[in-house]
file work_31.txt (compact mmCIF, C-alpha atoms)
# COMPACT_ATOMS: atom_id res chain seq x y z
CA MET U 244 16.52 -26.46 2.49
CA ASP U 245 16.33 -24.30 5.60
CA ARG U 246 12.76 -24.34 6.90
CA GLU U 247 13.51 -22.89 10.31
CA THR U 248 11.09 -20.15 11.38
CA LEU U 249 11.58 -17.27 13.76
CA ASN U 250 8.94 -15.95 16.15
CA PHE U 251 9.37 -12.37 17.36
CA SER U 252 7.22 -11.21 20.26
CA TYR U 253 6.29 -7.56 20.85
CA ASP U 254 8.98 -7.36 23.54
CA LYS U 255 11.64 -8.71 21.18
CA ILE U 256 10.60 -6.18 18.53
CA MET U 257 10.77 -3.32 21.04
CA GLU U 258 14.25 -4.47 22.12
CA MET U 259 15.62 -4.44 18.56
CA GLU U 260 18.29 -1.85 17.74
CA GLN U 261 16.46 1.19 16.33
CA ARG U 262 17.68 1.00 12.72
CA TYR U 263 17.23 -2.80 12.64
CA ARG U 264 13.64 -2.42 13.85
CA ALA U 265 12.84 0.30 11.31
CA THR U 266 14.13 -1.92 8.51
CA PHE U 267 12.34 -5.00 9.83
CA ILE U 268 8.96 -3.39 10.49
CA ASN U 269 9.04 -1.47 7.20
CA SER U 270 9.46 -4.83 5.45
CA ILE U 271 6.64 -6.63 7.21
CA THR U 272 3.71 -4.98 5.39
CA GLY U 273 4.67 -6.56 2.05
CA PHE U 274 5.33 -4.92 -1.27
CA LYS U 275 4.23 -1.30 -1.29
CA SER U 276 2.56 1.22 -3.59
CA LEU U 277 5.57 3.25 -4.65
CA ALA U 278 5.20 6.73 -6.13
CA LEU U 279 6.83 10.11 -6.43
CA VAL U 280 4.71 12.91 -4.99
CA GLY U 281 5.17 16.22 -6.79
CA THR U 282 4.27 19.52 -5.10
CA ILE U 283 4.80 23.26 -5.41
CA GLY U 284 4.85 25.86 -2.64
CA LYS U 285 3.02 29.18 -2.76
CA SER U 286 6.32 30.88 -3.61
CA GLY U 287 6.81 28.57 -6.60
CA GLY U 288 9.45 26.20 -5.24
CA THR U 289 8.90 22.64 -6.44
CA ASN U 290 9.41 19.45 -4.47
CA VAL U 291 9.35 15.75 -5.26
CA ALA U 292 9.51 12.97 -2.68
CA VAL U 293 9.26 9.21 -2.78
CA PHE U 294 6.30 7.68 -0.93
CA ASN U 295 5.39 4.07 -0.32
CA SER U 296 2.20 4.53 1.65
CA ILE U 297 -0.28 5.32 -1.13
CA VAL U 298 -3.61 3.58 -0.65
CA HIS U 299 -6.84 3.32 -2.64
CA LEU U 300 -9.77 4.78 -0.70
CA GLY U 301 -12.62 4.71 -3.17
CA ALA U 302 -13.56 4.95 -6.84
CA HIS U 303 -16.68 7.12 -6.72
CA PRO U 304 -15.55 9.76 -6.01
CA PRO U 305 -11.98 8.72 -6.88
CA LEU U 306 -10.06 9.09 -3.60
CA VAL U 307 -6.49 8.23 -2.66
CA GLY U 308 -4.89 8.31 0.78
CA MET U 309 -1.29 8.48 1.92
CA VAL U 310 0.56 8.49 5.23
CA ILE U 311 2.93 11.39 5.89
CA ARG U 312 5.47 11.58 8.70
CA PRO U 313 5.64 15.29 9.59
CA ASP U 314 9.05 14.95 11.25
CA SER U 315 10.69 13.59 8.11
CA VAL U 316 11.55 14.84 4.64
CA ASP U 317 7.84 14.40 3.88
CA ARG U 318 7.19 17.65 5.74
CA HIS U 319 8.00 19.82 2.71
CA SER U 320 5.50 17.85 0.65
CA LEU U 321 2.84 18.33 3.32
CA GLN U 322 3.56 22.06 3.63
CA ASN U 323 3.21 22.52 -0.11
CA ILE U 324 0.00 20.46 -0.30
CA LEU U 325 -1.56 22.56 2.46
CA GLU U 326 -0.37 25.83 0.85
CA THR U 327 -1.62 25.20 -2.68
CA GLY U 328 -4.17 22.39 -2.36
CA TYR U 329 -2.81 20.25 -5.19
CA TYR U 330 -0.25 17.47 -5.67
CA THR U 331 0.66 14.72 -8.08
CA ILE U 332 1.34 11.00 -7.75
CA ASN U 333 3.73 9.60 -10.35
CA HIS U 334 4.56 5.92 -10.81
CA VAL U 335 8.22 4.91 -10.72
CA GLN U 336 9.92 2.90 -13.47
CA GLU U 337 13.21 1.03 -13.22
CA SER U 338 14.99 3.64 -15.40
CA PHE U 339 14.76 6.28 -12.65
CA MET U 340 14.34 4.26 -9.46
CA GLN U 341 17.70 5.39 -8.11
CA LYS U 342 16.73 9.03 -8.61
CA ALA U 343 13.42 8.30 -6.88
CA HIS U 344 15.28 6.83 -3.90
CA LYS U 345 17.56 9.88 -3.71
CA THR U 346 14.57 12.17 -3.10
CA SER U 347 14.43 10.65 0.40
CA ALA U 348 17.54 12.64 1.42
CA ARG U 349 17.03 15.69 3.65
CA TYR U 350 17.46 18.57 1.25
CA PRO U 351 16.95 22.13 2.53
CA LYS U 352 13.56 23.62 1.71
CA GLU U 353 14.99 26.04 -0.88
CA ILE U 354 16.39 23.21 -3.02
CA SER U 355 14.10 21.48 -5.51
CA GLU U 356 14.52 17.71 -5.31
CA PHE U 357 13.66 17.65 -9.01
CA GLU U 358 16.94 19.42 -9.79
CA ALA U 359 18.91 17.77 -7.00
CA VAL U 360 18.25 14.21 -8.22
CA GLY U 361 17.88 14.94 -11.94
CA LEU U 362 14.15 14.51 -12.54
CA THR U 363 12.13 16.80 -14.80
CA THR U 364 9.10 18.85 -13.79
CA GLU U 365 6.20 18.75 -16.22
CA PHE U 366 3.22 21.08 -15.99
CA ILE U 367 0.14 19.73 -17.77
CA SER U 368 -2.85 21.83 -18.80
CA ASP U 369 -3.70 24.25 -15.99
CA PHE U 370 -2.89 21.81 -13.18
CA SER U 371 -0.79 23.76 -10.67
CA ALA U 372 1.36 20.96 -9.17
CA PRO U 373 4.30 19.51 -11.12
CA PHE U 374 4.17 16.03 -12.60
CA VAL U 375 7.31 13.93 -13.04
CA CYS U 376 7.99 14.02 -16.79
CA GLU U 377 9.84 10.68 -16.76
CA SER U 378 6.88 8.85 -15.23
CA LYS U 379 4.49 7.02 -17.56
CA ILE U 380 1.51 7.03 -15.20
CA LYS U 381 0.72 10.41 -13.65
CA VAL U 382 -2.16 11.36 -11.36
CA GLY U 383 -3.18 14.90 -10.39
CA LEU U 384 -4.99 15.28 -7.06
CA GLU U 385 -6.82 17.96 -5.12
CA PHE U 386 -6.25 17.95 -1.36
CA LYS U 387 -9.46 17.07 0.53
CA GLU U 388 -8.64 16.27 4.12
CA LYS U 389 -5.82 15.87 6.61
CA ILE U 390 -6.38 13.44 9.46
CA PRO U 391 -3.77 13.45 12.23
CA PHE U 392 -3.18 10.07 13.88
CA ALA U 393 -2.57 10.91 17.55
CA ILE U 394 -1.16 7.44 18.19
CA ASN U 395 2.20 8.27 16.57
CA GLY U 396 2.03 11.74 15.05
CA THR U 397 1.63 10.62 11.45
CA VAL U 398 -0.86 12.39 9.20
CA PHE U 399 -3.21 10.78 6.71
CA VAL U 400 -3.80 12.92 3.64
CA ILE U 401 -6.83 12.30 1.42
CA GLY U 402 -6.94 13.63 -2.13
CA GLU U 403 -9.43 13.45 -4.98
CA ILE U 404 -8.17 12.43 -8.42
CA LYS U 405 -8.60 15.31 -10.87
CA GLN U 406 -6.51 14.08 -13.78
CA VAL U 407 -4.95 10.81 -14.96
CA ILE U 408 -2.33 10.68 -17.72
CA LEU U 409 -1.14 7.27 -18.90
CA PRO U 410 -0.11 5.27 -21.97
CA LYS U 411 -3.07 4.25 -24.11
CA ALA U 412 -1.46 0.83 -24.56
CA SER U 413 -1.65 0.14 -20.80
CA VAL U 414 -5.45 0.50 -20.52
CA HIS U 415 -7.43 -2.69 -21.14
CA ALA U 416 -11.00 -2.79 -22.49
CA ASP U 417 -12.48 -3.20 -18.99
CA GLY U 418 -10.60 -0.28 -17.41
CA PHE U 419 -7.80 -2.40 -15.94
CA ILE U 420 -4.44 -0.63 -16.12
CA ASP U 421 -1.59 -2.96 -17.01
CA LEU U 422 1.13 -1.73 -14.66
CA VAL U 423 3.60 -4.29 -15.98
CA GLN U 424 3.15 -2.88 -19.49
CA ALA U 425 3.70 0.63 -18.11
CA GLY U 426 6.87 -0.46 -16.29
CA THR U 427 5.62 0.52 -12.82
CA ILE U 428 7.80 -0.98 -10.09
CA THR U 429 7.19 -1.70 -6.41
CA ASN U 430 9.34 -1.53 -3.31
CA SER U 431 9.85 -3.29 -0.01
CA GLY U 432 11.39 -2.24 3.24
CA LEU U 433 13.04 1.16 3.29
CA ASP U 434 15.31 0.87 0.28
CA SER U 435 14.58 -2.14 -1.95
CA TYR U 436 13.11 -1.65 -5.44
CA HIS U 437 11.59 -4.46 -7.50
CA SER U 438 10.34 -4.72 -11.04
CA VAL U 439 7.20 -6.78 -11.52
CA SER U 440 6.34 -9.12 -14.36
CA GLY U 441 3.53 -11.45 -15.36
CA GLY U 442 0.24 -11.06 -13.61
CA LYS U 443 -2.73 -13.43 -13.38
CA ARG U 444 -6.27 -12.09 -13.26
CA PHE U 445 -9.06 -14.05 -11.61
CA PRO U 446 -12.80 -13.64 -12.22
CA TYR U 447 -15.05 -11.79 -9.76
CA ALA U 448 -15.35 -14.15 -6.78
CA LYS U 449 -18.73 -15.67 -5.86
CA PRO U 450 -19.52 -18.13 -3.06
CA MET D 90 5.78 1.20 -30.62
CA ASP D 91 2.59 2.90 -29.51
CA ARG D 92 3.49 5.96 -27.46
CA GLU D 93 0.06 7.57 -27.47
CA THR D 94 -1.06 8.83 -24.06
CA LEU D 95 -4.54 9.33 -22.69
CA ASN D 96 -5.58 12.17 -20.40
CA PHE D 97 -8.66 11.59 -18.24
CA SER D 98 -10.19 14.59 -16.48
CA TYR D 99 -12.24 14.31 -13.29
CA ASP D 100 -15.43 14.66 -15.36
CA LYS D 101 -14.39 11.85 -17.70
CA ILE D 102 -13.64 9.63 -14.70
CA MET D 103 -17.02 10.39 -13.13
CA GLU D 104 -18.75 9.56 -16.43
CA MET D 105 -17.10 6.12 -16.68
CA GLU D 106 -19.37 3.09 -16.37
CA GLN D 107 -19.34 2.06 -12.68
CA ARG D 108 -17.46 -1.25 -13.00
CA TYR D 109 -14.98 0.25 -15.50
CA ARG D 110 -14.26 3.13 -13.08
CA ALA D 111 -13.81 0.77 -10.12
CA THR D 112 -11.30 -1.29 -12.11
CA PHE D 113 -9.50 1.79 -13.45
CA ILE D 114 -9.23 3.69 -10.16
CA ASN D 115 -8.24 0.55 -8.24
CA SER D 116 -5.34 0.17 -10.68
CA ILE D 117 -4.07 3.73 -10.48
CA THR D 118 -2.44 3.52 -7.04
CA GLY D 119 0.20 1.05 -8.27
CA PHE D 120 1.09 -2.36 -6.89
CA LYS D 121 -0.48 -2.98 -3.50
CA SER D 122 0.38 -4.54 -0.14
CA LEU D 123 -1.56 -7.79 -0.42
CA ALA D 124 -2.46 -9.85 2.64
CA LEU D 125 -5.01 -12.18 4.13
CA VAL D 126 -6.54 -10.84 7.33
CA GLY D 127 -7.54 -13.57 9.78
CA THR D 128 -10.10 -12.93 12.51
CA ILE D 129 -12.33 -14.74 14.97
CA GLY D 130 -15.67 -13.61 16.39
CA LYS D 131 -16.62 -13.78 20.07
CA SER D 132 -18.66 -16.91 19.32
CA GLY D 133 -15.61 -18.59 17.80
CA GLY D 134 -16.40 -18.33 14.09
CA THR D 135 -13.28 -17.67 12.02
CA ASN D 136 -12.97 -15.42 8.99
CA VAL D 137 -10.27 -14.73 6.44
CA ALA D 138 -10.42 -11.96 3.84
CA VAL D 139 -8.05 -10.60 1.23
CA PHE D 140 -6.92 -6.99 1.72
CA ASN D 141 -4.79 -4.77 -0.46
CA SER D 142 -4.79 -1.62 1.63
CA ILE D 143 -2.24 -2.50 4.30
CA VAL D 144 0.08 0.39 5.10
CA HIS D 145 3.09 0.89 7.37
CA LEU D 146 2.41 3.54 10.03
CA GLY D 147 5.44 3.40 12.25
CA ALA D 148 8.15 1.15 13.67
CA HIS D 149 8.32 2.30 17.30
CA PRO D 150 5.77 1.29 18.38
CA PRO D 151 5.23 -1.09 15.44
CA LEU D 152 1.94 0.08 13.89
CA VAL D 153 0.09 -1.01 10.78
CA GLY D 154 -2.98 0.59 9.19
CA MET D 155 -5.58 -0.73 6.77
CA VAL D 156 -8.63 0.62 5.00
CA ILE D 157 -11.89 -1.25 5.47
CA ARG D 158 -15.06 -0.70 3.47
CA PRO D 159 -17.88 -1.40 5.94
CA ASP D 160 -20.43 -2.04 3.16
CA SER D 161 -18.38 -4.87 1.65
CA VAL D 162 -17.26 -8.35 2.60
CA ASP D 163 -14.73 -6.60 4.84
CA ARG D 164 -17.50 -5.97 7.35
CA HIS D 165 -17.20 -9.42 8.94
CA SER D 166 -13.48 -8.82 9.48
CA LEU D 167 -14.22 -5.46 11.10
CA GLN D 168 -16.94 -6.93 13.34
CA ASN D 169 -14.59 -9.65 14.55
CA ILE D 170 -11.72 -7.21 15.14
CA LEU D 171 -13.98 -5.00 17.24
CA GLU D 172 -15.41 -7.98 19.15
CA THR D 173 -12.14 -9.63 20.13
CA GLY D 174 -9.47 -6.95 19.65
CA TYR D 175 -7.03 -9.12 17.68
CA TYR D 176 -6.37 -10.01 14.04
CA THR D 177 -3.62 -11.39 11.84
CA ILE D 178 -1.99 -10.26 8.59
CA ASN D 179 -0.65 -13.10 6.45
CA HIS D 180 1.39 -12.66 3.28
CA VAL D 181 0.14 -14.37 0.11
CA GLN D 182 2.29 -16.69 -2.00
CA GLU D 183 1.60 -17.79 -5.57
CA SER D 184 0.65 -21.32 -4.45
CA PHE D 185 -2.58 -20.07 -2.81
CA MET D 186 -3.27 -16.77 -4.58
CA GLN D 187 -6.44 -18.14 -6.19
CA LYS D 188 -7.76 -19.17 -2.77
CA ALA D 189 -6.85 -15.73 -1.43
CA HIS D 190 -8.85 -14.10 -4.24
CA LYS D 191 -11.85 -16.34 -3.52
CA THR D 192 -12.13 -14.94 0.02
CA SER D 193 -13.46 -11.76 -1.61
CA ALA D 194 -16.79 -13.50 -2.35
CA ARG D 195 -19.77 -12.59 -0.15
CA TYR D 196 -20.08 -15.60 2.13
CA PRO D 197 -22.74 -15.58 4.86
CA LYS D 198 -21.42 -14.70 8.31
CA GLU D 199 -21.83 -18.28 9.62
CA ILE D 200 -19.49 -19.71 6.97
CA SER D 201 -15.74 -19.62 7.61
CA GLU D 202 -13.90 -18.44 4.51
CA PHE D 203 -11.02 -20.63 5.67
CA GLU D 204 -13.14 -23.73 4.97
CA ALA D 205 -14.94 -22.26 1.99
CA VAL D 206 -11.77 -21.56 0.01
CA GLY D 207 -9.58 -24.33 1.42
CA LEU D 208 -7.13 -22.45 3.64
CA THR D 209 -6.01 -23.72 7.05
CA THR D 210 -6.40 -21.91 10.36
CA GLU D 211 -3.34 -21.98 12.60
CA PHE D 212 -3.38 -20.88 16.23
CA ILE D 213 0.05 -19.94 17.56
CA SER D 214 0.94 -19.67 21.24
CA ASP D 215 -1.88 -17.92 23.07
CA PHE D 216 -2.69 -15.49 20.26
CA SER D 217 -6.48 -15.55 19.90
CA ALA D 218 -6.88 -14.73 16.18
CA PRO D 219 -6.19 -17.39 13.54
CA PHE D 220 -3.14 -17.20 11.29
CA VAL D 221 -3.15 -18.64 7.77
CA CYS D 222 -1.07 -21.83 8.05
CA GLU D 223 -0.06 -21.75 4.35
CA SER D 224 1.45 -18.26 4.68
CA LYS D 225 5.19 -17.97 5.28
CA ILE D 226 5.09 -14.49 6.83
CA LYS D 227 2.50 -14.04 9.57
CA VAL D 228 1.85 -11.00 11.75
CA GLY D 229 -0.36 -10.91 14.86
CA LEU D 230 -1.88 -7.53 15.75
CA GLU D 231 -3.80 -5.94 18.58
CA PHE D 232 -6.52 -3.50 17.57
CA LYS D 233 -5.70 0.04 18.67
CA GLU D 234 -7.96 2.51 16.94
CA LYS D 235 -10.73 2.83 14.36
CA ILE D 236 -10.90 6.09 12.45
CA PRO D 237 -13.98 6.62 10.27
CA PHE D 238 -13.38 8.64 7.10
CA ALA D 239 -16.56 10.71 6.69
CA ILE D 240 -15.63 11.54 3.10
CA ASN D 241 -16.70 8.11 1.80
CA GLY D 242 -17.64 5.90 4.72
CA THR D 243 -14.45 3.87 4.80
CA VAL D 244 -12.80 3.05 8.11
CA PHE D 245 -9.09 3.13 8.89
CA VAL D 246 -8.06 0.48 11.39
CA ILE D 247 -4.78 0.81 13.28
CA GLY D 248 -3.18 -2.18 14.95
CA GLU D 249 -0.01 -2.78 16.92
CA ILE D 250 2.22 -5.70 15.96
CA LYS D 251 2.36 -8.25 18.79
CA GLN D 252 3.97 -11.19 17.02
CA VAL D 253 5.86 -11.85 13.79
CA ILE D 254 6.48 -15.37 12.47
CA LEU D 255 8.65 -15.76 9.37
CA PRO D 256 11.33 -17.94 7.76
CA LYS D 257 14.75 -17.45 9.30
CA ALA D 258 16.25 -17.54 5.80
CA SER D 259 14.29 -14.43 4.76
CA VAL D 260 15.74 -12.14 7.46
CA HIS D 261 18.96 -10.35 6.51
CA ALA D 262 21.62 -9.23 9.00
CA ASP D 263 20.30 -5.63 9.05
CA GLY D 264 16.66 -6.57 9.69
CA PHE D 265 15.58 -6.40 6.04
CA ILE D 266 13.03 -9.09 5.20
CA ASP D 267 13.59 -10.60 1.78
CA LEU D 268 10.02 -10.88 0.52
CA VAL D 269 11.18 -12.41 -2.76
CA GLN D 270 12.87 -15.22 -0.83
CA ALA D 271 9.65 -15.73 1.16
CA GLY D 272 7.56 -15.85 -2.01
CA THR D 273 5.32 -12.91 -1.07
CA ILE D 274 3.36 -11.66 -4.08
CA THR D 275 1.67 -8.33 -4.84
CA ASN D 276 -1.50 -7.37 -6.66
CA SER D 277 -2.86 -4.63 -8.85
CA GLY D 278 -6.35 -3.46 -9.65
CA LEU D 279 -9.16 -5.57 -8.24
CA ASP D 280 -8.14 -9.01 -9.40
CA SER D 281 -4.57 -9.18 -10.76
CA TYR D 282 -1.86 -11.08 -8.85
CA HIS D 283 1.86 -10.75 -9.57
CA SER D 284 4.92 -12.55 -8.34
CA VAL D 285 7.96 -10.36 -7.73
CA SER D 286 11.58 -11.16 -8.40
CA GLY D 287 14.95 -9.50 -8.08
CA GLY D 288 15.19 -6.39 -5.98
CA LYS D 289 17.84 -3.68 -5.83
CA ARG D 290 18.71 -2.00 -2.54
CA PHE D 291 20.14 1.51 -2.44
CA PRO D 292 22.13 3.09 0.41
CA TYR D 293 20.54 5.58 2.81
CA ALA D 294 20.11 8.76 0.76
CA LYS D 295 22.04 11.92 1.68
CA PRO D 296 22.01 15.30 -0.11
call {"tool": "encode", "arguments": {"input": "work_31.txt", "output": "structure tokens"}}
result
Amino acid sequence: MDRETLNFSYDKIMEMEQRYRATFINSITGFKSLALVGTIGKSGGTNVAVFNSIVHLGAHPPLVGMVIRPDSVDRHSLQNILETGYYTINHVQESFMQKAHKTSARYPKEISEFEAVGLTTEFISDFSAPFVCESKIKVGLEFKEKIPFAINGTVFVIGEIKQVILPKASVHADGFIDLVQAGTITNSGLDSYHSVSGGKRFPYAKP
Amino acid sequence: MDRETLNFSYDKIMEMEQRYRATFINSITGFKSLALVGTIGKSGGTNVAVFNSIVHLGAHPPLVGMVIRPDSVDRHSLQNILETGYYTINHVQESFMQKAHKTSARYPKEISEFEAVGLTTEFISDFSAPFVCESKIKVGLEFKEKIPFAINGTVFVIGEIKQVILPKASVHADGFIDLVQAGTITNSGLDSYHSVSGGKRFPYAKP
């Protein structure tokens, strides 16, 4: 068994070929919270984009954060969120993970990624932003705050959860949502998608 | 097969019992980037705490963000990071996931969670913060910026990657790190730990 380890210094990382470094550093933060973000512009054009930087911020009020790179395909999502104030976060299942990945291509603004990759918009109740019909766990959010990170030009977007739609069978008696039951997958790096199984819960930790 | 769905409005979420809501909302962001954060205070006391809010910020320079709740057990980690300017992010494997979970208990400041839960500090080269010896993928970071989120009192900490130690066998020719090979696990909700298998990579997406 090969137990050899590598040790990369900051200088070695900065000397890596650009694409190699992007792949390497995108892998180093572990498995990521993968989701499709659904938006609509003020002129009615819809957009869906894959994100892997969703992060829990708080439960009361229910707040979710995500990192957006304004120079990337994310920019259409950000524009729409700022125009209309609402967006959706939709979990990805194995059955449409390839379509989810394809939303990362640079489509022109006038093309809906929903149509381009073959995903279905779903409008629920009076919520203005489109959900992804294929997704089993869907979250509707209201935009709250945009925090620019001067250090590298990324933007942190905070939203408040306004609606949650999910399978009844995935919700346990204590509020825990069984993501394995719902078929939610995770990803790593820039382009690797993984299904998850099992799961072991531990009791609330005390010293 | 039970296909019934539930639809929770904002009001229903706010009316949930507090612990139920925390469990529910912590589950809704999908599988999370799980890691042990190792720190040391200026007086030399070490600390290790489990985090599930690690997020990739950028590759050039290599930046990582994480959300810290200053009213929680995270506060000792934050204090140490601010005192010494360095910290480590260590992936969690199944073999010590229970120990990782136990670091979430509220130990007094003078107790090292390393000793309390049975994990081993490892000091590598001249990096001042302790790594977790048991972890196969270890990242050393320099504190760059602390951004307080007024909306709920959480703090976003940005660090720059200074060192990466990992198994040679987990690094592919294009820089992709095979987290499955390294045994990195993920978590969901507040207390559920999942091993990950397989993984399907897709080519760079073009319209």
call {"tool": "atom_distance", "arguments": {"input": "work_31.txt", "atom1": "CA of Gly281 in chain U", "atom2": "CA of Thr331 in chain U"}}
result
4.9 Å
call {"tool": "closest_residue", "arguments": {"input": "work_31.txt", "among": "U:Leu300, U:Thr327, U:Phe274, U:Ala359", "to": "His283 in chain D", "atoms": "only C-alpha atoms"}}
result
U:Phe274
call {"tool": "atom_distance", "arguments": {"input": "work_31.txt", "atom1": "CA of Val162 in chain D", "atom2": "CA of His190 in chain D"}}
result
12.3 Å
call {"tool": "atom_distance", "arguments": {"input": "work_31.txt", "atom1": "CA of Gly284 in chain U", "atom2": "CA of Glu326 in chain U"}}
result
6.3 Å
call {"tool": "residues_around", "arguments": {"input": "work_31.txt", "residues": "Glu356 in chain U", "least_positions_apart": "2", "cutoff": "9 Å", "atoms": "only C-alpha atoms", "output": "JSON, numbers by chain"}}
result
{"U": [289, 290, 291, 292, 345, 346, 348, 350, 354, 358, 359, 360, 361, 362]}
call {"tool": "write_last_selection", "arguments": {"input": "work_31.txt", "atoms": "C-alpha atoms", "output": "PDB file, in the frame of the given file"}}
result
ATOM      1  CA  THR U 289       8.900  22.640  -6.440  1.00  0.00           C
ATOM      2  CA  ASN U 290       9.410  19.450  -4.470  1.00  0.00           C
ATOM      3  CA  VAL U 291       9.350  15.750  -5.260  1.00  0.00           C
ATOM      4  CA  ALA U 292       9.510  12.970  -2.680  1.00  0.00           C
ATOM      5  CA  LYS U 345      17.560   9.880  -3.710  1.00  0.00           C
ATOM      6  CA  THR U 346      14.570  12.170  -3.100  1.00  0.00           C
ATOM      7  CA  ALA U 348      17.540  12.640   1.420  1.00  0.00           C
ATOM      8  CA  TYR U 350      17.460  18.570   1.250  1.00  0.00           C
ATOM      9  CA  ILE U 354      16.390  23.210  -3.020  1.00  0.00           C
ATOM     10  CA  GLU U 358      16.940  19.420  -9.790  1.00  0.00           C
ATOM     11  CA  ALA U 359      18.910  17.770  -7.000  1.00  0.00           C
ATOM     12  CA  VAL U 360      18.250  14.210  -8.220  1.00  0.00           C
ATOM     13  CA  GLY U 361      17.880  14.940 -11.940  1.00  0.00           C
ATOM     14  CA  LEU U 362      14.150  14.510 -12.540  1.00  0.00           C
TER      15      LEU U 362
END
call {"tool": "closest_residue", "arguments": {"input": "work_31.txt", "among": "U:Asp317, U:Glu337, U:Glu260, U:Asp434", "to": "Ala148 in chain D", "atoms": "only C-alpha atoms"}}
result
U:Glu260
call {"tool": "closest_residue", "arguments": {"input": "work_31.txt", "among": "U:Gly288, U:Gly273, U:Gly301, U:Pro351", "to": "Asn241 in chain D", "atoms": "all atoms listed in the file"}}
result
U:Gly301
call {"tool": "closest_residue", "arguments": {"input": "work_31.txt", "among": "D:Ile236, D:Met186, D:Ile114, D:Ile157", "to": "chain U", "atoms": "all atoms listed in the file"}}
result
D:Ile114
call {"tool": "residues_around", "arguments": {"input": "work_31.txt", "residues": "Thr243 in chain D", "least_positions_apart": "2", "cutoff": "7 Å", "atoms": "all atoms listed in the file", "output": "list in words"}}
result
Val156, Ile157, Arg158, Pro159, Pro237, Phe238, Asn241 and Phe245 of chain D
call {"tool": "write_last_selection", "arguments": {"input": "work_31.txt", "atoms": "C-alpha atoms", "output": "CSV table (one decimal), keeping the file's coordinate frame"}}
result
chain,number,residue,atom,x,y,z
D,156,VAL,CA,-8.6,0.6,5.0
D,157,ILE,CA,-11.9,-1.2,5.5
D,158,ARG,CA,-15.1,-0.7,3.5
D,159,PRO,CA,-17.9,-1.4,5.9
D,237,PRO,CA,-14.0,6.6,10.3
D,238,PHE,CA,-13.4,8.6,7.1
D,241,ASN,CA,-16.7,8.1,1.8
D,245,PHE,CA,-9.1,3.1,8.9
call {"tool": "residues_around", "arguments": {"input": "work_31.txt", "residues": "range 371-381 of chain U", "least_positions_apart": "4", "cutoff": "7 Å", "atoms": "all atoms listed in the file", "output": "ChimeraX atom specification"}}
result
/U:281-283,329-336,362-366,407-410,425
call {"tool": "write_last_selection", "arguments": {"input": "work_31.txt", "atoms": "C-alpha atoms", "output": "PDB file, in the frame of the given file"}}
result
ATOM      1  CA  GLY U 281       5.170  16.220  -6.790  1.00  0.00           C
ATOM      2  CA  THR U 282       4.270  19.520  -5.100  1.00  0.00           C
ATOM      3  CA  ILE U 283       4.800  23.260  -5.410  1.00  0.00           C
ATOM      4  CA  TYR U 329      -2.810  20.250  -5.190  1.00  0.00           C
ATOM      5  CA  TYR U 330      -0.250  17.470  -5.670  1.00  0.00           C
ATOM      6  CA  THR U 331       0.660  14.720  -8.080  1.00  0.00           C
ATOM      7  CA  ILE U 332       1.340  11.000  -7.750  1.00  0.00           C
ATOM      8  CA  ASN U 333       3.730   9.600 -10.350  1.00  0.00           C
ATOM      9  CA  HIS U 334       4.560   5.920 -10.810  1.00  0.00           C
ATOM     10  CA  VAL U 335       8.220   4.910 -10.720  1.00  0.00           C
ATOM     11  CA  GLN U 336       9.920   2.900 -13.470  1.00  0.00           C
ATOM     12  CA  LEU U 362      14.150  14.510 -12.540  1.00  0.00           C
ATOM     13  CA  THR U 363      12.130  16.800 -14.800  1.00  0.00           C
ATOM     14  CA  THR U 364       9.100  18.850 -13.790  1.00  0.00           C
ATOM     15  CA  GLU U 365       6.200  18.750 -16.220  1.00  0.00           C
ATOM     16  CA  PHE U 366       3.220  21.080 -15.990  1.00  0.00           C
ATOM     17  CA  VAL U 407      -4.950  10.810 -14.960  1.00  0.00           C
ATOM     18  CA  ILE U 408      -2.330  10.680 -17.720  1.00  0.00           C
ATOM     19  CA  LEU U 409      -1.140   7.270 -18.900  1.00  0.00           C
ATOM     20  CA  PRO U 410      -0.110   5.270 -21.970  1.00  0.00           C
ATOM     21  CA  ALA U 425       3.700   0.630 -18.110  1.00  0.00           C
TER      22      ALA U 425
END
call {"tool": "residues_near_point", "arguments": {"input": "work_31.txt", "point": "(-1.0, 7.9, -1.4)", "cutoff": "6 Å", "atoms": "only C-alpha atoms", "output": "list of chain:residue names"}}
result
U:Ser296, U:Ile297, U:Val298, U:Val307, U:Gly308, U:Met309
call {"tool": "closest_residue", "arguments": {"input": "work_31.txt", "among": "D:Gly229, D:Arg108, D:Ile213, D:Phe97", "to": "chain U", "atoms": "all atoms listed in the file"}}
result
D:Phe97
call {"tool": "residues_around", "arguments": {"input": "work_31.txt", "residues": "Leu279 in chain D", "least_positions_apart": "4", "cutoff": "9 Å", "atoms": "only C-alpha atoms", "output": "number ranges by chain"}}
result
U: 419, 444, 447; D: 111-112, 115-116, 141
call {"tool": "closest_residue", "arguments": {"input": "work_31.txt", "among": "U:Glu258, U:Glu403, U:Glu353, U:Glu247", "to": "chain D", "atoms": "only C-alpha atoms"}}
result
U:Glu247
call {"tool": "axis_aligned_box", "arguments": {"input": "work_31.txt", "around": "range 106-120 of chain D", "padding_each_side": "4 Å", "output": "AutoDock Vina command-line options"}}
result
--center_x -9.1 --center_y 0.7 --center_z -11.6 --size_x 28.5 --size_y 14.1 --size_z 17.5
call {"tool": "residues_around", "arguments": {"input": "work_31.txt", "residues": "Glu388 in chain U", "least_positions_apart": "3", "cutoff": "9 Å", "atoms": "all atoms listed in the file", "output": "compact mmCIF listing (two decimals) with C-alpha atoms, in the frame of the given file"}}
result
# COMPACT_ATOMS: atom_id res chain seq x y z
CA PHE U 399 -3.21 10.78 6.71
CA VAL U 400 -3.80 12.92 3.64
CA ILE U 401 -6.83 12.30 1.42
CA GLY U 402 -6.94 13.63 -2.13
CA ILE D 240 -15.63 11.54 3.10
